[in-house]
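Colleague: File work03.txt follows (compact mmCIF, C-alpha atoms):
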# COMPACT_ATOMS: atom_id res chain seq x y z
CA MET A 1 73.52 26.18 -1.90
CA PRO A 2 72.45 24.06 1.10
CA GLY A 3 75.15 22.41 3.19
CA TYR A 4 75.55 19.67 5.76
CA ARG A 5 74.36 21.97 8.54
CA ASP A 6 70.98 22.15 6.82
CA LEU A 7 70.80 18.36 6.95
CA ALA A 8 71.63 18.34 10.66
CA ARG A 9 68.76 20.76 11.34
CA ASP A 10 66.21 18.59 9.52
CA ARG A 11 64.33 16.61 12.19
CA GLU A 12 63.01 13.99 9.80
CA PHE A 13 66.41 13.31 8.32
CA ARG A 14 67.99 13.05 11.76
CA ALA A 15 65.38 10.53 12.87
CA LEU A 16 65.72 8.50 9.66
CA VAL A 17 69.51 8.39 10.01
CA VAL A 18 69.54 7.49 13.70
CA ALA A 19 66.93 4.75 13.22
CA HIS A 20 68.81 3.25 10.30
CA VAL A 21 72.26 3.50 11.89
CA VAL A 22 71.10 1.90 15.14
CA SER A 23 69.51 -1.06 13.36
CA VAL A 24 72.53 -1.49 11.06
CA ALA A 25 74.89 -1.72 14.04
CA GLY A 26 72.62 -4.31 15.63
CA ASP A 27 72.50 -6.30 12.40
CA GLN A 28 76.27 -6.53 12.30
CA PHE A 29 76.28 -7.81 15.89
CA ALA A 30 73.92 -10.56 14.79
CA ARG A 31 75.85 -11.31 11.59
CA VAL A 32 79.09 -11.86 13.49
CA ALA A 33 77.23 -13.92 16.12
CA LEU A 34 75.66 -16.25 13.56
CA THR A 35 78.86 -16.60 11.56
CA VAL A 36 80.92 -17.55 14.61
CA HIS A 37 78.10 -19.73 15.99
CA VAL A 38 77.75 -21.78 12.80
CA TYR A 39 81.49 -22.20 12.33
CA ASP A 40 81.97 -23.24 15.98
CA ARG A 41 79.22 -25.86 15.69
CA THR A 42 80.14 -27.24 12.28
CA ALA A 43 83.79 -26.27 11.53
CA SER A 44 82.56 -26.04 7.92
CA ALA A 45 83.56 -23.17 5.65
CA SER A 46 80.76 -23.98 3.22
CA LEU A 47 78.03 -23.93 5.89
CA THR A 48 79.44 -20.72 7.34
CA ALA A 49 79.44 -19.06 3.92
CA LEU A 50 75.95 -20.43 3.24
CA THR A 51 74.66 -18.86 6.45
CA TYR A 52 76.16 -15.54 5.39
CA ALA A 53 74.67 -15.96 1.92
CA LEU A 54 71.21 -16.34 3.45
CA THR A 55 71.38 -12.65 4.37
CA PHE A 56 71.35 -11.86 0.63
CA LEU A 57 69.47 -14.59 -1.22
CA PRO A 58 65.97 -13.83 0.19
CA ASP A 59 66.02 -10.65 -1.89
CA LEU A 60 65.43 -12.91 -4.89
CA ILE A 61 61.84 -13.12 -3.63
CA GLY A 62 61.50 -10.10 -1.36
CA GLY A 63 62.96 -7.59 -3.79
CA PRO A 64 60.51 -8.10 -6.66
CA LEU A 65 57.39 -9.14 -4.71
CA LEU A 66 57.58 -7.10 -1.49
CA SER A 67 59.35 -3.87 -2.49
CA GLY A 68 56.23 -2.80 -4.39
CA LEU A 69 54.52 -2.34 -1.01
CA ALA A 70 56.47 0.91 -0.76
CA ASP A 71 54.52 2.18 -3.80
CA ARG A 72 51.11 0.95 -2.59
CA PHE A 73 51.07 2.12 1.04
CA ALA A 74 52.36 5.04 3.05
CA ARG A 75 56.10 4.51 3.23
CA LYS A 76 56.39 5.45 6.89
CA GLU A 77 53.88 2.75 7.82
CA VAL A 78 55.73 0.18 5.71
CA MET A 79 58.98 0.96 7.53
CA VAL A 80 57.45 0.73 11.02
CA ALA A 81 55.66 -2.54 10.25
CA ALA A 82 58.84 -4.11 8.81
CA ASP A 83 60.87 -3.13 11.88
CA LEU A 84 58.32 -4.61 14.26
CA VAL A 85 58.22 -7.87 12.32
CA ARG A 86 62.01 -8.13 12.43
CA THR A 87 61.99 -7.45 16.17
CA ALA A 88 59.70 -10.41 16.79
CA LEU A 89 61.66 -12.75 14.49
CA LEU A 90 65.01 -11.94 16.11
CA LEU A 91 63.60 -12.60 19.57
CA LEU A 92 62.56 -16.04 18.32
CA MET A 93 66.08 -16.62 16.98
CA ALA A 94 67.47 -15.91 20.45
CA ILE A 95 65.70 -18.94 21.95
CA PRO A 96 68.46 -21.34 23.11
CA GLY A 97 68.89 -24.74 21.48
CA LEU A 98 67.21 -24.02 18.15
CA PRO A 99 68.40 -26.32 15.33
CA LEU A 100 70.50 -24.67 12.65
CA TRP A 101 67.79 -25.12 10.03
CA VAL A 102 65.31 -23.20 12.21
CA LEU A 103 67.81 -20.38 12.67
CA ALA A 104 68.36 -20.32 8.93
CA ALA A 105 64.61 -20.19 8.23
CA LEU A 106 64.09 -17.33 10.68
CA LEU A 107 67.06 -15.50 9.18
CA VAL A 108 65.46 -15.75 5.75
CA LEU A 109 62.22 -14.25 7.13
CA VAL A 110 64.14 -11.40 8.74
CA GLN A 111 65.73 -10.57 5.41
CA LEU A 112 62.40 -10.82 3.60
CA ALA A 113 60.94 -8.24 5.99
CA GLY A 114 63.85 -5.95 5.18
CA ALA A 115 62.99 -5.73 1.47
CA PRO A 116 59.95 -3.42 1.72
CA HIS A 117 61.68 -1.41 4.46
CA GLY A 118 64.71 -0.66 2.29
CA ALA A 119 62.56 0.22 -0.71
CA ALA A 120 60.37 2.54 1.39
CA ARG A 121 63.39 4.30 2.90
CA ALA A 122 65.05 4.77 -0.50
CA ALA A 123 61.83 6.10 -2.03
CA LEU A 124 61.12 8.41 0.93
CA LEU A 125 64.54 10.05 1.17
CA PRO A 126 64.15 12.21 -1.99
CA GLN A 127 60.89 13.55 -0.49
CA ILE A 128 62.54 14.40 2.81
CA LEU A 129 65.56 15.95 1.04
CA PRO A 130 64.50 17.41 -2.31
CA ASP A 131 66.80 19.05 -4.85
CA GLN A 132 70.51 19.49 -4.01
CA ARG A 133 70.19 18.15 -0.48
CA TYR A 134 69.44 14.62 -1.66
CA PRO A 135 72.96 13.66 -2.88
CA MET A 136 74.44 15.08 0.33
CA GLY A 137 71.91 13.15 2.38
CA GLN A 138 72.83 9.95 0.56
CA ALA A 139 76.49 10.58 1.32
CA VAL A 140 75.81 11.21 5.00
CA LEU A 141 73.51 8.20 5.29
CA GLY A 142 75.98 5.94 3.53
CA THR A 143 78.95 7.16 5.55
CA LEU A 144 77.18 6.81 8.90
CA THR A 145 75.88 3.40 7.85
CA GLN A 146 79.42 2.21 7.21
CA ALA A 147 80.56 3.72 10.52
CA ALA A 148 77.79 1.75 12.23
CA GLN A 149 79.00 -1.38 10.48
CA VAL A 150 82.51 -0.74 11.78
CA ALA A 151 81.20 -0.43 15.34
CA GLY A 152 78.90 -3.41 14.88
CA PHE A 153 81.49 -5.71 13.35
CA VAL A 154 84.34 -4.79 15.68
CA GLY A 155 82.10 -4.79 18.74
CA GLY A 156 80.27 -7.89 17.57
CA GLY A 157 83.26 -10.16 18.02
CA ALA A 158 83.79 -8.92 21.57
CA LEU A 159 80.09 -9.14 22.43
CA VAL A 160 79.83 -12.71 21.17
CA THR A 161 82.82 -13.64 23.32
CA LEU A 162 81.37 -11.94 26.41
CA LEU A 163 77.63 -12.54 26.06
CA GLY A 164 77.14 -15.38 23.60
CA PRO A 165 75.08 -15.39 20.38
CA ALA A 166 71.62 -15.43 22.03
CA LEU A 167 71.99 -12.14 23.91
CA VAL A 168 73.53 -10.52 20.85
CA LEU A 169 70.40 -11.44 18.87
CA VAL A 170 68.25 -9.88 21.62
CA ALA A 171 70.32 -6.71 21.28
CA ASP A 172 69.65 -6.70 17.53
CA ALA A 173 65.91 -7.06 18.16
CA THR A 174 66.06 -4.06 20.50
CA THR A 175 67.64 -1.92 17.79
CA PHE A 176 64.76 -2.64 15.41
CA LEU A 177 62.23 -1.77 18.11
CA LEU A 178 64.00 1.55 18.68
CA ALA A 179 64.10 2.20 14.93
CA ALA A 180 60.32 1.62 14.67
CA LEU A 181 59.75 4.07 17.52
CA LEU A 182 61.92 6.80 15.97
CA THR A 183 60.32 6.37 12.56
CA GLY A 184 56.79 6.39 13.93
CA VAL A 185 57.28 9.47 16.11
CA PHE A 186 59.49 11.79 14.09
CA LEU A 187 58.72 11.15 10.42
CA LEU A 188 55.81 13.07 8.93
CA ASP A 189 52.67 11.24 7.86
CA ARG A 190 52.64 11.13 4.08
CA PRO A 191 50.08 9.37 1.90
CA ALA A 192 50.92 6.66 -0.58
CA PRO A 193 52.42 7.90 -3.89
CA LYS A 194 50.21 10.21 -5.93
CA SER A 195 49.81 7.64 -8.69
CA PRO A 196 49.34 4.44 -6.68
CA HIS A 197 49.55 1.15 -8.48
CA THR A 198 46.22 -0.60 -8.88
CA ARG A 199 47.42 -3.47 -11.02
CA ALA A 200 48.09 -6.95 -9.74
CA TRP A 201 51.57 -7.61 -8.43
CA PRO A 202 52.68 -9.62 -11.50
CA ALA A 203 51.83 -6.64 -13.72
CA ASP A 204 53.70 -4.31 -11.36
CA LEU A 205 56.69 -6.62 -11.46
CA VAL A 206 56.73 -6.68 -15.26
CA GLY A 207 56.34 -2.91 -15.41
CA GLY A 208 59.21 -2.36 -13.00
CA ALA A 209 61.42 -4.78 -14.90
CA ARG A 210 60.72 -2.98 -18.16
CA LEU A 211 61.58 0.34 -16.54
CA VAL A 212 64.93 -0.89 -15.22
CA TRP A 213 66.08 -3.16 -18.03
CA GLY A 214 64.69 -0.96 -20.80
CA ASP A 215 67.02 1.92 -19.90
CA ARG A 216 70.68 1.41 -20.85
CA ARG A 217 71.89 3.76 -18.12
CA LEU A 218 69.94 1.93 -15.41
CA ARG A 219 71.16 -1.44 -16.70
CA ALA A 220 74.74 -0.24 -16.50
CA LEU A 221 74.30 0.98 -12.92
CA VAL A 222 72.83 -2.37 -11.87
CA ALA A 223 75.70 -4.23 -13.59
CA LEU A 224 78.27 -2.18 -11.69
CA ALA A 225 76.48 -2.79 -8.41
CA CYS A 226 76.49 -6.55 -9.00
CA VAL A 227 80.31 -6.58 -9.08
CA SER A 228 80.12 -6.68 -5.28
CA GLY A 229 79.29 -10.37 -5.59
CA PHE A 230 83.02 -10.94 -6.11
CA TYR A 231 84.75 -8.70 -3.59
CA ILE A 232 82.32 -9.58 -0.79
CA THR A 233 83.93 -13.03 -0.68
CA GLY A 234 86.44 -11.82 1.89
CA GLU A 235 83.66 -10.98 4.33
CA ALA A 236 81.81 -14.24 3.72
CA LEU A 237 84.91 -16.33 4.41
CA ALA A 238 86.11 -14.16 7.29
CA ALA A 239 85.70 -16.90 9.94
CA PRO A 240 87.67 -19.67 8.16
CA TYR A 241 90.20 -17.14 6.83
CA SER A 242 90.78 -15.74 10.31
CA ALA A 243 91.17 -19.28 11.66
CA GLN A 244 93.66 -20.06 8.89
CA ILE A 245 95.92 -17.16 9.90
CA GLY A 246 95.47 -17.85 13.63
CA ALA A 247 93.49 -14.70 14.50
CA GLY A 248 90.30 -16.34 15.88
CA PRO A 249 86.99 -14.49 16.55
CA THR A 250 88.81 -11.19 17.09
CA GLY A 251 90.17 -11.46 13.58
CA VAL A 252 86.66 -12.04 12.22
CA GLY A 253 85.49 -8.74 13.70
CA ALA A 254 88.63 -6.98 12.42
CA ILE A 255 88.10 -8.24 8.87
CA PHE A 256 84.44 -7.24 8.86
CA GLY A 257 85.33 -3.88 10.36
CA ALA A 258 88.10 -3.27 7.82
CA TYR A 259 85.63 -3.43 4.94
CA ALA A 260 83.24 -1.06 6.66
CA ALA A 261 85.97 1.36 7.79
CA GLY A 262 87.39 1.48 4.28
CA ALA A 263 83.96 2.11 2.79
CA THR A 264 83.38 4.93 5.28
CA ALA A 265 86.62 6.65 4.33
CA GLY A 266 85.96 6.06 0.64
CA MET A 267 82.50 7.60 0.75
CA LEU A 268 83.79 10.66 2.61
CA LEU A 269 86.31 11.20 -0.17
CA VAL A 270 83.93 10.45 -3.05
CA ALA A 271 81.24 12.73 -1.58
CA ARG A 272 83.63 15.69 -1.81
CA LEU A 273 83.92 15.31 -5.58
CA ASP A 274 81.58 16.93 -8.07
CA GLU A 275 79.11 14.76 -9.93
CA ARG A 276 81.14 14.70 -13.14
CA ARG A 277 84.21 13.30 -11.40
CA GLN A 278 82.15 10.84 -9.41
CA LEU A 279 80.65 9.36 -12.55
CA ARG A 280 84.03 9.14 -14.27
CA LEU A 281 85.63 7.36 -11.30
CA MET A 282 82.78 4.96 -10.62
CA PRO A 283 83.73 2.12 -13.03
CA TRP A 284 87.43 2.34 -12.10
CA LEU A 285 86.62 2.06 -8.40
CA ALA A 286 84.53 -1.04 -9.14
CA ILE A 287 87.57 -2.64 -10.77
CA ALA A 288 89.86 -1.60 -7.88
CA ALA A 289 87.51 -3.06 -5.25
CA CYS A 290 88.23 -6.52 -6.69
CA ALA A 291 91.86 -6.06 -7.76
CA VAL A 292 93.18 -5.35 -4.25
CA LEU A 293 92.07 -8.83 -3.10
CA ILE A 294 94.39 -10.64 -5.51
CA PRO A 295 97.43 -10.35 -3.19
CA ALA A 296 95.57 -12.56 -0.70
CA ALA A 297 97.04 -15.42 -2.77
CA LEU A 298 100.30 -14.78 -0.89
CA ARG A 299 98.56 -15.58 2.42
CA PRO A 300 99.54 -12.40 4.27
CA GLY A 301 99.08 -12.02 8.02
CA LEU A 302 96.18 -10.32 9.76
CA LEU A 303 97.61 -6.79 9.55
CA VAL A 304 98.20 -6.89 5.79
CA SER A 305 94.91 -8.69 5.22
CA VAL A 306 93.01 -6.03 7.13
CA GLY A 307 94.71 -3.41 4.96
CA LEU A 308 93.70 -5.18 1.74
CA PHE A 309 90.10 -5.54 2.87
CA ALA A 310 90.02 -1.89 3.94
CA LEU A 311 91.20 -0.81 0.47
CA SER A 312 88.52 -2.97 -1.11
CA GLY A 313 85.92 -1.34 1.10
CA ALA A 314 87.21 2.14 0.19
CA ALA A 315 86.89 1.43 -3.53
CA SER A 316 83.39 0.05 -2.99
CA ALA A 317 82.31 3.64 -2.28
CA TYR A 318 81.35 3.74 -5.96
CA HIS A 319 78.01 2.31 -4.78
CA LEU A 320 77.19 5.75 -3.36
CA VAL A 321 77.35 7.22 -6.85
CA ALA A 322 75.49 4.32 -8.46
CA ASN A 323 72.69 4.37 -5.88
CA THR A 324 72.15 8.14 -6.07
CA SER A 325 72.10 8.11 -9.86
CA PHE A 326 69.71 5.15 -9.99
CA VAL A 327 67.11 6.47 -7.52
CA ARG A 328 67.02 9.92 -9.11
CA SER A 329 66.53 8.41 -12.56
CA VAL A 330 63.19 6.69 -11.82
CA PRO A 331 59.77 8.30 -11.16
CA ASP A 332 58.46 8.47 -7.59
CA SER A 333 55.39 6.33 -8.29
CA SER A 334 57.60 3.39 -9.35
CA ARG A 335 60.65 4.11 -7.19
CA GLY A 336 60.01 1.40 -4.63
CA GLN A 337 59.50 -1.37 -7.20
CA ALA A 338 62.47 -0.28 -9.32
CA PHE A 339 64.73 -0.04 -6.27
CA GLY A 340 63.58 -3.48 -5.14
CA LEU A 341 64.46 -5.03 -8.49
CA ALA A 342 67.89 -3.42 -8.47
CA VAL A 343 68.52 -4.64 -4.92
CA THR A 344 67.38 -8.11 -6.00
CA ALA A 345 70.03 -8.22 -8.70
CA LEU A 346 72.63 -6.92 -6.25
CA ARG A 347 71.80 -9.31 -3.42
CA VAL A 348 71.43 -12.36 -5.64
CA SER A 349 74.85 -11.71 -7.16
CA GLN A 350 76.28 -11.37 -3.65
CA GLY A 351 74.52 -14.47 -2.36
CA LEU A 352 75.57 -16.63 -5.30
CA GLY A 353 79.13 -15.36 -5.12
CA VAL A 354 79.34 -16.10 -1.41
CA ALA A 355 77.77 -19.56 -1.75
CA LEU A 356 80.07 -20.57 -4.61
CA ALA A 357 83.10 -19.27 -2.71
CA GLY A 358 82.08 -21.37 0.29
CA VAL A 359 81.83 -24.52 -1.83
CA ALA A 360 85.22 -23.79 -3.39
CA ALA A 361 86.76 -23.24 0.06
CA GLU A 362 85.94 -26.85 0.95
CA ARG A 363 88.45 -28.02 -1.66
CA ILE A 364 90.81 -25.07 -2.09
CA ALA A 365 92.66 -23.01 0.51
CA VAL A 366 90.56 -20.05 1.67
CA HIS A 367 93.19 -17.42 0.80
CA LEU A 368 93.35 -18.76 -2.78
CA VAL A 369 89.56 -18.62 -3.11
CA ILE A 370 89.53 -14.96 -2.04
CA ALA A 371 92.32 -14.11 -4.49
CA ALA A 372 90.56 -15.95 -7.33
CA ALA A 373 87.33 -14.11 -6.58
CA GLY A 374 89.24 -10.84 -6.81
CA ALA A 375 90.71 -11.79 -10.20
CA LEU A 376 87.35 -12.87 -11.60
CA GLY A 377 85.83 -9.69 -10.18
CA VAL A 378 88.29 -7.56 -12.16
CA LEU A 379 87.03 -9.19 -15.34
CA ALA A 380 83.39 -8.73 -14.34
CA ALA A 381 83.95 -5.11 -13.33
CA GLY A 382 85.69 -4.45 -16.63
CA GLY A 383 82.67 -5.82 -18.48
CA ALA A 384 80.30 -3.69 -16.40
CA ALA A 385 82.45 -0.64 -17.13
CA VAL A 386 82.09 -1.27 -20.85
CA VAL A 387 78.31 -1.44 -20.43
CA TRP A 388 78.44 1.90 -18.63
CA TRP A 389 80.55 3.55 -21.30
CA VAL A 390 78.47 2.11 -24.15
CA SER A 391 75.35 3.56 -22.50
CA GLY A 392 76.72 6.99 -23.33
CA SER A 393 77.42 7.90 -19.73
CA ARG A 394 81.13 8.43 -20.38
CA SER A 395 80.43 11.40 -22.62
CA ASN A 396 77.85 12.77 -20.20
CA ALA A 397 80.26 12.52 -17.28
CA SER A 398 83.03 14.34 -19.16
CA ARG A 399 80.90 17.41 -19.81
Since I need it in another form, could you write the structure as C-alpha cells?
Modeller:
Amino acid sequence: MPGYRDLARDREFRALVVAHVVSVAGDQFARVALTVHVYDRTASASLTALTYALTFLPDLIGGPLLSGLADRFARKEVMVAADLVRTALLLLMAIPGLPLWVLAALLVLVQLAGAPHGAARAALLPQILPDQRYPMGQAVLGTLTQAAQVAGFVGGGALVTLLGPALVLVADATTFLLAALLTGVFLLDRPAPKSPHTRAWPADLVGGARLVWGDRRLRALVALACVSGFYITGEALAAPYSAQIGAGPTGVGAIFGAYAAGATAGMLLVARLDERRQLRLMPWLAIAACAVLIPAALRPGLLVSVGLFALSGAASAYHLVANTSFVRSVPDSSRGQAFGLAVTALRVSQGLGVALAGVAAERIAVHLVIAAAGALGVLAAGGAAVVWWVSGSRSNASR
C-alpha cells in the first residue's frame, strides 16, 4: 500500500501543494490586514464582520457559474489564469487611499476568481493521485493548508503592525504569482475532461444541482459542511472580541491562528483513522466544533479563548472526511461543477452566518454573540447528523 513517502516523491503533487500553501499563507496575511484596517477606520463590528463575510459570499455567484470552467477547459490552464487575475486585483487593492467600497468590490472580484481555481484543483487532485493515494493526499493538503493559515494569521498581525495593510496586500499578490509559476511549470498538460460539457451554462448548472441534491449521501455531506457557518463566527468577530478582552491586533492573529492550529492537529489525528471510523466520527465532530464555543458566554481571557477556538478548529477536521467522500462520489466529467455547487452552499452559509453575527454584535456583547452562535450551531449540526444517518451512511460506516 502506498505511503506518505510516495506522495513526497510525486513532483506534481509537491508543486500543487507548495503553490496552494504559499497562496493560502498570503491570503491570511491579507485577511488580517483588511480586518484590522476596516475596524481601525470604522470601529464598527458589523462593518468588520461584513468585510470578512465578503470573502465567502461571492461564491453564491462564482461557485455555480464559474466552477464549471474546470469541466470545460484544461484544469491546469484554469488554475494559472485564476492566479494571475488575483495577482493583478490584489496589486490594485494595495493602492493607498482607496475608499472602503472600492476595496470591498476588488475583494469580491478576488474571491470570484478563486471559484474556478478551487474547482479545478479539487477535480485535478484525483487524477494526480489515483486510488489509495488520494485520501492521503487530501489529508496532507488539508494539514499543510491549515499550517499555512497558522503562519499567515499569526504572522499577519505582526506584518500589519510593521508594514501596514498595503504592503501586506502586495505580499499576497506575490504569492499568487509564485503559485501560477509553479502550476504552469511543474504540472503536466492534461486536456479538458473526456466528456466535456457542450450545453449552455444554465443547463450545466441544473445538471450539477440534480447530481448533488438528488443523492441523499451528497446532500448529507453538504449539510454537515454548512455547519461551519455557525462556528466560524469566532473568526469573523476576532477584531472586536480581541478589543473587548484588551488583546489588540496581536490577539486577532492569535485567535485566527488558534482555529488553524487546532484544525491542523485535528486533521493529523483524523487522517490516522480508517475510513469506517472517520465516517462514524464525522457528525459528532461537527457538533463538537460548535459546542466548545458556548463557554465564551463567560467572557474568558485571551488564553482560555484561544484554547476554545483551537478545540473548535480541531473538531472542524471533519471537513477532511466530508470533502474526500464528496469528491470521490461524483464523476470526473462533472466534478468541477458539483464541487462548485457544494462550495457555494458552504460559503453562503458561512457568509450569512458571519454577516448576521456582525449585525447582532452591534446590539449584543460580542462574547454573547459567539456563545449563541455555538449553541445554535449544535442544533444545526444535530439536524445535519440526522440527515447523514437517514441517508444510510451510518450502517455503511459501521461495516
Colleague: Can you write out as a tab-separated table which residues of range 203-301 of chain A fall within 10 Å of range 129-146 of chain A, alongside each residue's closest atom pair and its distance in Å to one decimal, counting only C-alpha atoms and ordering rows by chain and ascending residue number?
Modeller:
residue	atom	partner	partner_atom	distance
A:Gly257	CA	A:Gln146	CA	9.1
A:Tyr259	CA	A:Gln146	CA	8.7
A:Ala260	CA	A:Gln146	CA	5.1
A:Ala261	CA	A:Gln146	CA	6.6
A:Gly262	CA	A:Gln146	CA	8.5
A:Ala263	CA	A:Gln146	CA	6.3
A:Thr264	CA	A:Thr143	CA	5.0
A:Ala265	CA	A:Thr143	CA	7.8
A:Gly266	CA	A:Thr143	CA	8.6
A:Met267	CA	A:Thr143	CA	6.0
A:Leu268	CA	A:Thr143	CA	6.7
A:Leu269	CA	A:Ala139	CA	10.0
A:Val270	CA	A:Ala139	CA	8.6
A:Ala271	CA	A:Ala139	CA	6.0
A:Arg272	CA	A:Ala139	CA	9.3
A:Glu275	CA	A:Pro135	CA	9.4
Colleague: What's the separation between CA of Cys226 in chain A and CA of Gly155 in chain A, in Å to one decimal place?
Modeller: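 According to the coordinates, CA of Cys226 in chain A and CA of Gly155 in chain A are separated by 28.4 Å.
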Colleague: Env of Leu107 in chain A: 8 Å cut, atoms = all atoms listed in the file, seq-sep filter 2 positions within chain, self excluded. Answer as a VMD selection string.
Modeller: chain A and resid 54 to 55 93 103 to 105 109 to 111
Colleague: Hey, can you check how far CA of Gly301 in chain A sits from CA of Ala254 in chain A?
Modeller: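 Going from CA of Gly301 in chain A over to CA of Ala254 in chain A, I get 12.4 Å.
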Colleague: Excluding same-chain residues fewer than 6 positions from Leu47 in chain A, what lies within 12 Å of it counting all atoms listed in the file, as a tab-separated table (two decimals) with C-alpha atoms, in the coordinates of the input?
Modeller:
chain	number	residue	atom	x	y	z
A	34	LEU	CA	75.66	-16.25	13.56
A	35	THR	CA	78.86	-16.60	11.56
A	36	VAL	CA	80.92	-17.55	14.61
A	37	HIS	CA	78.10	-19.73	15.99
A	38	VAL	CA	77.75	-21.78	12.80
A	39	TYR	CA	81.49	-22.20	12.33
A	40	ASP	CA	81.97	-23.24	15.98
A	41	ARG	CA	79.22	-25.86	15.69
A	53	ALA	CA	74.67	-15.96	1.92
A	54	LEU	CA	71.21	-16.34	3.45
A	100	LEU	CA	70.50	-24.67	12.65
A	101	TRP	CA	67.79	-25.12	10.03
A	104	ALA	CA	68.36	-20.32	8.93
A	236	ALA	CA	81.81	-14.24	3.72
A	237	LEU	CA	84.91	-16.33	4.41
A	239	ALA	CA	85.70	-16.90	9.94
A	240	PRO	CA	87.67	-19.67	8.16
A	354	VAL	CA	79.34	-16.10	-1.41
A	355	ALA	CA	77.77	-19.56	-1.75
A	356	LEU	CA	80.07	-20.57	-4.61
A	357	ALA	CA	83.10	-19.27	-2.71
A	358	GLY	CA	82.08	-21.37	0.29
A	359	VAL	CA	81.83	-24.52	-1.83
A	360	ALA	CA	85.22	-23.79	-3.39
A	361	ALA	CA	86.76	-23.24	0.06
A	362	GLU	CA	85.94	-26.85	0.95
Colleague: Rounded to one decimal, what separation in Å do you get between CA of Val185 in chain A and CA of Leu84 in chain A?
Modeller: 14.2 Å
Colleague: So, counting all atoms listed in the file, which residue among A:Val21, A:Ala45, A:Leu341, A:Ala179 is closest to Val85 in chain A?
Modeller: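 Once distances to Val85 in chain A are computed over all atoms listed in the file, the minimum belongs to A:Ala179.
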Colleague: So, counting only C-alpha atoms, which residue among A:Leu320, A:Val304, A:Ala384, A:Leu162 is closest to Pro249 in chain A?
Modeller: A:Leu162
Colleague: What lies within 8 Å of Leu16 in chain A using all atoms listed in the file, ignoring chain neighbours under 6 positions off, as a PyMOL selection string?
Modeller: chain A and resi 182-183+187
Colleague: Each side padded by 4 Å, which centre and which edge lengths in Å (one decimal) define the axis-aligned box around the listed atoms of range 95-103 of chain A? Give them as AutoDock Vina command-line options.
Modeller:
--center_x 67.9 --center_y -22.6 --center_z 16.6 --size_x 13.2 --size_y 15.4 --size_z 21.1
Colleague: Nearest to Ala372 in chain A among A:Tyr231, A:Phe256, A:Phe339, A:Phe309, with distances taken over only C-alpha atoms: which residue is it?
Modeller: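 Checking each of A:Tyr231, A:Phe256, A:Phe339, A:Phe309 against Ala372 in chain A, counting only C-alpha atoms, the winner is A:Tyr231.
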Colleague: Is there a way to get, as a ChimeraX atom specification, all residues within 8 Å of the point (66.2, 5.8, -2.5) in file coordinates, counting all atoms listed in the file?
Modeller: /A:119-126,323-324,327-328,335-336,339
Colleague: For those residues, write C-alpha atoms to a file as a JSON list (two decimals), keeping the file's coordinate frame.
Modeller:
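Listing of again_32.json after writing:
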[["chain", "number", "residue", "atom", "x", "y", "z"],
["A", 119, "ALA", "CA", 62.56, 0.22, -0.71],
["A", 120, "ALA", "CA", 60.37, 2.54, 1.39],
["A", 121, "ARG", "CA", 63.39, 4.30, 2.90],
["A", 122, "ALA", "CA", 65.05, 4.77, -0.50],
["A", 123, "ALA", "CA", 61.83, 6.10, -2.03],
["A", 124, "LEU", "CA", 61.12, 8.41, 0.93],
["A", 125, "LEU", "CA", 64.54, 10.05, 1.17],
["A", 126, "PRO", "CA", 64.15, 12.21, -1.99],
["A", 323, "ASN", "CA", 72.69, 4.37, -5.88],
["A", 324, "THR", "CA", 72.15, 8.14, -6.07],
["A", 327, "VAL", "CA", 67.11, 6.47, -7.52],
["A", 328, "ARG", "CA", 67.02, 9.92, -9.11],
["A", 335, "ARG", "CA", 60.65, 4.11, -7.19],
["A", 336, "GLY", "CA", 60.01, 1.40, -4.63],
["A", 339, "PHE", "CA", 64.73, -0.04, -6.27]]
